[in-house]
Amino acid sequence: MKLDDFLEKYVGKLNYLQVLFIENIFYKDYGESGLDLIVPEYEIDREDGSGRKFFIDFVITASSGKKYAIELHGYHAHDQSGKFVTNERFNELQIKNNLIREK
């Protein structure tokens with residue numbers, strides 16, 4: 001898939017950081033064939049009985065069928081001080097990351 005087609009296909013799903021990642025890192029390494037393997041905002045069940053979902057920034061499905069998660073964390077994602085990210089949001093991100101690692 002061409003880069004412009006990928007960005008157009010997922011317009012509205014990709015935030016600024018995700019677009020930068022695709023354009024400046026992923027596409028440069030994996031090219032058009034790589035864009036056929038990567039899906040943004042991949043949904044997974046929270047597994048807490050709430051029925052809500054977590055969204056993984058990107059999931060790549062290899063030819064073997066194995067899936068790999070890519071999470072982009074901006075500067076503030078790991079802020080435990082509460083200045084940039086609330087403690088509640090920080091805890092949610094930790095739960096999400098632990099669930100991704102587990103799967």
# chains A, B, ... in the order shown; residues from 1 in each chain; ligands from 1
>>> residues_around(residues="Ile60 in chain A", least_positions_apart="4", cutoff="8 Å", atoms="only C-alpha atoms", output="PyMOL selection string")
chain A and resi 37-39+67-70
>>> write_last_selection(atoms="all heavy atoms", output="tab-separated table (two decimals), in the first residue's frame")
chain	number	residue	atom	x	y	z
A	37	LEU	N	0.78	-4.73	6.53
A	37	LEU	CA	0.82	-5.58	7.72
A	37	LEU	C	0.42	-4.87	9.01
A	37	LEU	O	0.16	-5.52	10.01
A	37	LEU	CB	2.24	-6.14	7.90
A	37	LEU	CG	2.85	-6.86	6.72
A	37	LEU	CD1	4.29	-7.23	7.03
A	37	LEU	CD2	2.04	-8.09	6.37
A	38	ILE	N	0.37	-3.56	8.98
A	38	ILE	CA	0.17	-2.79	10.21
A	38	ILE	C	-1.23	-2.19	10.25
A	38	ILE	O	-1.74	-1.70	9.25
A	38	ILE	CB	1.26	-1.70	10.36
A	38	ILE	CG1	1.23	-1.09	11.76
A	38	ILE	CG2	1.17	-0.66	9.26
A	38	ILE	CD1	2.46	-0.24	12.08
A	39	VAL	N	-1.85	-2.29	11.42
A	39	VAL	CA	-3.21	-1.75	11.63
A	39	VAL	C	-3.19	-0.83	12.84
A	39	VAL	O	-2.72	-1.23	13.91
A	39	VAL	CB	-4.23	-2.90	11.87
A	39	VAL	CG1	-5.60	-2.35	12.19
A	39	VAL	CG2	-4.27	-3.84	10.68
A	67	LYS	N	1.16	-11.82	16.18
A	67	LYS	CA	0.88	-10.39	16.24
A	67	LYS	C	1.84	-9.70	17.20
A	67	LYS	O	2.18	-10.23	18.25
A	67	LYS	CB	-0.56	-10.15	16.67
A	67	LYS	CG	-1.54	-10.66	15.65
A	67	LYS	CD	-2.96	-10.38	16.03
A	67	LYS	CE	-3.85	-10.94	14.94
A	67	LYS	NZ	-5.22	-10.60	15.12
A	68	TYR	N	2.24	-8.48	16.79
A	68	TYR	CA	3.15	-7.68	17.59
A	68	TYR	C	2.53	-6.31	17.82
A	68	TYR	O	2.06	-5.67	16.88
A	68	TYR	CB	4.49	-7.52	16.86
A	68	TYR	CG	5.20	-8.83	16.64
A	68	TYR	CD1	4.96	-9.58	15.49
A	68	TYR	CD2	6.07	-9.33	17.60
A	68	TYR	CE1	5.60	-10.80	15.30
A	68	TYR	CE2	6.71	-10.55	17.42
A	68	TYR	CZ	6.46	-11.28	16.26
A	68	TYR	OH	7.09	-12.48	16.08
A	69	ALA	N	2.53	-5.88	19.07
A	69	ALA	CA	1.96	-4.59	19.44
A	69	ALA	C	3.04	-3.52	19.43
A	69	ALA	O	4.17	-3.77	19.84
A	69	ALA	CB	1.33	-4.66	20.82
A	70	ILE	N	2.65	-2.33	18.98
A	70	ILE	CA	3.51	-1.17	19.07
A	70	ILE	C	2.72	-0.09	19.79
A	70	ILE	O	1.65	0.30	19.33
A	70	ILE	CB	3.94	-0.64	17.68
A	70	ILE	CG1	4.73	-1.69	16.93
A	70	ILE	CG2	4.73	0.66	17.82
A	70	ILE	CD1	5.06	-1.30	15.50
>>> residues_around(residues="Asp45 in chain A", least_positions_apart="6", cutoff="7 Å", atoms="only C-alpha atoms", output="list in words")
Arg52, Lys53 and Phe54 of chain A
>>> write_last_selection(atoms="N, CA, C and O atoms", output="tab-separated table (two decimals), in the first residue's frame")
chain	number	residue	atom	x	y	z
A	52	ARG	N	-15.72	-2.71	28.09
A	52	ARG	CA	-14.96	-1.65	27.41
A	52	ARG	C	-13.74	-2.23	26.72
A	52	ARG	O	-13.37	-3.37	26.95
A	53	LYS	N	-13.12	-1.43	25.88
A	53	LYS	CA	-11.97	-1.86	25.09
A	53	LYS	C	-10.76	-0.98	25.37
A	53	LYS	O	-10.89	0.17	25.75
A	54	PHE	N	-9.60	-1.56	25.17
A	54	PHE	CA	-8.36	-0.80	25.07
A	54	PHE	C	-8.03	-0.73	23.59
A	54	PHE	O	-8.43	-1.59	22.82
>>> closest_atom_pairs(of="range 45-74 of chain A", to="range 11-30 of chain A", cutoff="9 Å", atoms="only C-alpha atoms", output="tab-separated table")
residue	atom	partner	partner_atom	distance
A:Asp57	CA	A:Gln18	CA	7.5
A:Phe58	CA	A:Gln18	CA	8.6
A:Leu72	CA	A:Gln18	CA	7.4
A:His73	CA	A:Leu17	CA	8.8
A:Gly74	CA	A:Leu17	CA	7.6
>>> write_last_selection(atoms="C-alpha atoms", output="PDB file, in the first residue's frame")
ATOM      1  CA  ASP A  57      -1.604   2.120  18.804  1.00  0.00           C
ATOM      2  CA  PHE A  58      -0.504  -0.378  16.144  1.00  0.00           C
ATOM      3  CA  LEU A  72       3.754   4.964  21.229  1.00  0.00           C
ATOM      4  CA  HIS A  73       4.200   6.828  24.445  1.00  0.00           C
ATOM      5  CA  GLY A  74       4.625  10.530  24.219  1.00  0.00           C
TER       6      GLY A  74
END
>>> residues_around(residues="range 92-96 of chain A", least_positions_apart="5", cutoff="10 Å", atoms="only C-alpha atoms", output="PDB file with N, CA, C and O atoms, in the first residue's frame")
ATOM      1  N   ILE A  44      -8.710  -4.376  21.817  1.00  0.00           N
ATOM      2  CA  ILE A  44      -8.663  -5.591  22.637  1.00  0.00           C
ATOM      3  C   ILE A  44      -9.609  -5.406  23.819  1.00  0.00           C
ATOM      4  O   ILE A  44      -9.816  -4.294  24.292  1.00  0.00           O
ATOM      5  N   ASP A  45     -10.200  -6.503  24.268  1.00  0.00           N
ATOM      6  CA  ASP A  45     -11.076  -6.465  25.440  1.00  0.00           C
ATOM      7  C   ASP A  45     -10.265  -6.139  26.683  1.00  0.00           C
ATOM      8  O   ASP A  45      -9.144  -6.607  26.842  1.00  0.00           O
ATOM      9  N   ARG A  46     -10.873  -5.378  27.574  1.00  0.00           N
ATOM     10  CA  ARG A  46     -10.190  -5.012  28.816  1.00  0.00           C
ATOM     11  C   ARG A  46     -10.093  -6.179  29.795  1.00  0.00           C
ATOM     12  O   ARG A  46      -9.276  -6.172  30.694  1.00  0.00           O
ATOM     13  N   LYS A  53     -13.122  -1.431  25.883  1.00  0.00           N
ATOM     14  CA  LYS A  53     -11.971  -1.864  25.088  1.00  0.00           C
ATOM     15  C   LYS A  53     -10.758  -0.982  25.374  1.00  0.00           C
ATOM     16  O   LYS A  53     -10.893   0.171  25.754  1.00  0.00           O
ATOM     17  N   PHE A  54      -9.596  -1.559  25.174  1.00  0.00           N
ATOM     18  CA  PHE A  54      -8.363  -0.802  25.070  1.00  0.00           C
ATOM     19  C   PHE A  54      -8.031  -0.727  23.593  1.00  0.00           C
ATOM     20  O   PHE A  54      -8.434  -1.592  22.817  1.00  0.00           O
ATOM     21  N   PHE A  55      -7.291   0.282  23.198  1.00  0.00           N
ATOM     22  CA  PHE A  55      -6.836   0.401  21.824  1.00  0.00           C
ATOM     23  C   PHE A  55      -5.320   0.409  21.822  1.00  0.00           C
ATOM     24  O   PHE A  55      -4.690   1.222  22.500  1.00  0.00           O
ATOM     25  N   ILE A  56      -4.731  -0.519  21.058  1.00  0.00           N
ATOM     26  CA  ILE A  56      -3.284  -0.571  20.881  1.00  0.00           C
ATOM     27  C   ILE A  56      -2.959   0.342  19.712  1.00  0.00           C
ATOM     28  O   ILE A  56      -3.623   0.306  18.675  1.00  0.00           O
ATOM     29  N   HIS A  73       4.418   6.063  23.229  1.00  0.00           N
ATOM     30  CA  HIS A  73       4.200   6.828  24.445  1.00  0.00           C
ATOM     31  C   HIS A  73       4.888   8.170  24.289  1.00  0.00           C
ATOM     32  O   HIS A  73       6.109   8.239  24.198  1.00  0.00           O
ATOM     33  N   ALA A  77       3.284  10.260  28.888  1.00  0.00           N
ATOM     34  CA  ALA A  77       2.583   9.015  29.199  1.00  0.00           C
ATOM     35  C   ALA A  77       3.070   8.360  30.484  1.00  0.00           C
ATOM     36  O   ALA A  77       2.320   7.651  31.137  1.00  0.00           O
ATOM     37  N   HIS A  78       4.296   8.587  30.863  1.00  0.00           N
ATOM     38  CA  HIS A  78       4.857   7.944  32.049  1.00  0.00           C
ATOM     39  C   HIS A  78       4.991   8.894  33.237  1.00  0.00           C
ATOM     40  O   HIS A  78       5.715   8.616  34.178  1.00  0.00           O
ATOM     41  N   THR A  86      -3.152  12.432  34.698  1.00  0.00           N
ATOM     42  CA  THR A  86      -3.751  12.163  36.007  1.00  0.00           C
ATOM     43  C   THR A  86      -3.306  10.793  36.507  1.00  0.00           C
ATOM     44  O   THR A  86      -2.948   9.918  35.714  1.00  0.00           O
ATOM     45  N   ASN A  87      -3.346  10.612  37.801  1.00  0.00           N
ATOM     46  CA  ASN A  87      -2.989   9.314  38.371  1.00  0.00           C
ATOM     47  C   ASN A  87      -3.909   8.216  37.834  1.00  0.00           C
ATOM     48  O   ASN A  87      -3.463   7.101  37.591  1.00  0.00           O
ATOM     49  N   ARG A 101       1.386  -7.093  27.346  1.00  0.00           N
ATOM     50  CA  ARG A 101       2.525  -7.993  27.599  1.00  0.00           C
ATOM     51  C   ARG A 101       2.065  -9.417  27.854  1.00  0.00           C
ATOM     52  O   ARG A 101       2.685 -10.379  27.414  1.00  0.00           O
ATOM     53  N   GLU A 102       0.962  -9.550  28.594  1.00  0.00           N
ATOM     54  CA  GLU A 102       0.431 -10.864  28.929  1.00  0.00           C
ATOM     55  C   GLU A 102      -0.029 -11.628  27.685  1.00  0.00           C
ATOM     56  O   GLU A 102       0.165 -12.823  27.571  1.00  0.00           O
TER      57      GLU A 102
END
>>> select_by_dssp(residues="chain A", states="alpha helix (DSSP H)", output="VMD selection string")
chain A and resid 3 to 9 16 to 21 27 to 35 87 to 102
>>> atom_distance(atom1="CA of Ala62 in chain A", atom2="CA of Ile100 in chain A")
16.8 Å
>>> atom_distance(atom1="CA of Ser81 in chain A", atom2="CA of Asp48 in chain A")
26.1 Å
>>> select_by_dssp(residues="chain A", states="strand (DSSP E or B)", output="number ranges by chain")
A: 38-45, 53-61, 67-70
>>> residues_around(residues="Lys9 in chain A", least_positions_apart="6", cutoff="12 Å", atoms="only C-alpha atoms", output="PDB file with N, CA and C atoms, in the first residue's frame")
ATOM      1  N   MET A   1       0.855  -1.171   0.000  1.00  0.00           N
ATOM      2  CA  MET A   1       0.000   0.000   0.000  1.00  0.00           C
ATOM      3  C   MET A   1       0.903   1.238   0.000  1.00  0.00           C
ATOM      4  N   LYS A   2       0.527   2.220  -0.727  1.00  0.00           N
ATOM      5  CA  LYS A   2       1.277   3.478  -0.774  1.00  0.00           C
ATOM      6  C   LYS A   2       1.035   4.266   0.515  1.00  0.00           C
ATOM      7  N   LEU A   3       2.011   5.043   0.903  1.00  0.00           N
ATOM      8  CA  LEU A   3       1.938   5.811   2.146  1.00  0.00           C
ATOM      9  C   LEU A   3       0.722   6.727   2.164  1.00  0.00           C
ATOM     10  N   LEU A  35       3.224  -1.517   5.145  1.00  0.00           N
ATOM     11  CA  LEU A  35       1.938  -0.858   5.422  1.00  0.00           C
ATOM     12  C   LEU A  35       0.763  -1.821   5.277  1.00  0.00           C
ATOM     13  N   ASP A  36       0.959  -2.907   4.537  1.00  0.00           N
ATOM     14  CA  ASP A  36      -0.096  -3.922   4.411  1.00  0.00           C
ATOM     15  C   ASP A  36      -0.213  -4.778   5.665  1.00  0.00           C
ATOM     16  N   VAL A  39      -1.852  -2.286  11.422  1.00  0.00           N
ATOM     17  CA  VAL A  39      -3.210  -1.754  11.627  1.00  0.00           C
ATOM     18  C   VAL A  39      -3.187  -0.827  12.840  1.00  0.00           C
ATOM     19  N   PRO A  40      -3.678   0.402  12.686  1.00  0.00           N
ATOM     20  CA  PRO A  40      -3.717   1.317  13.830  1.00  0.00           C
ATOM     21  C   PRO A  40      -4.973   1.125  14.671  1.00  0.00           C
TER      22      PRO A  40
END
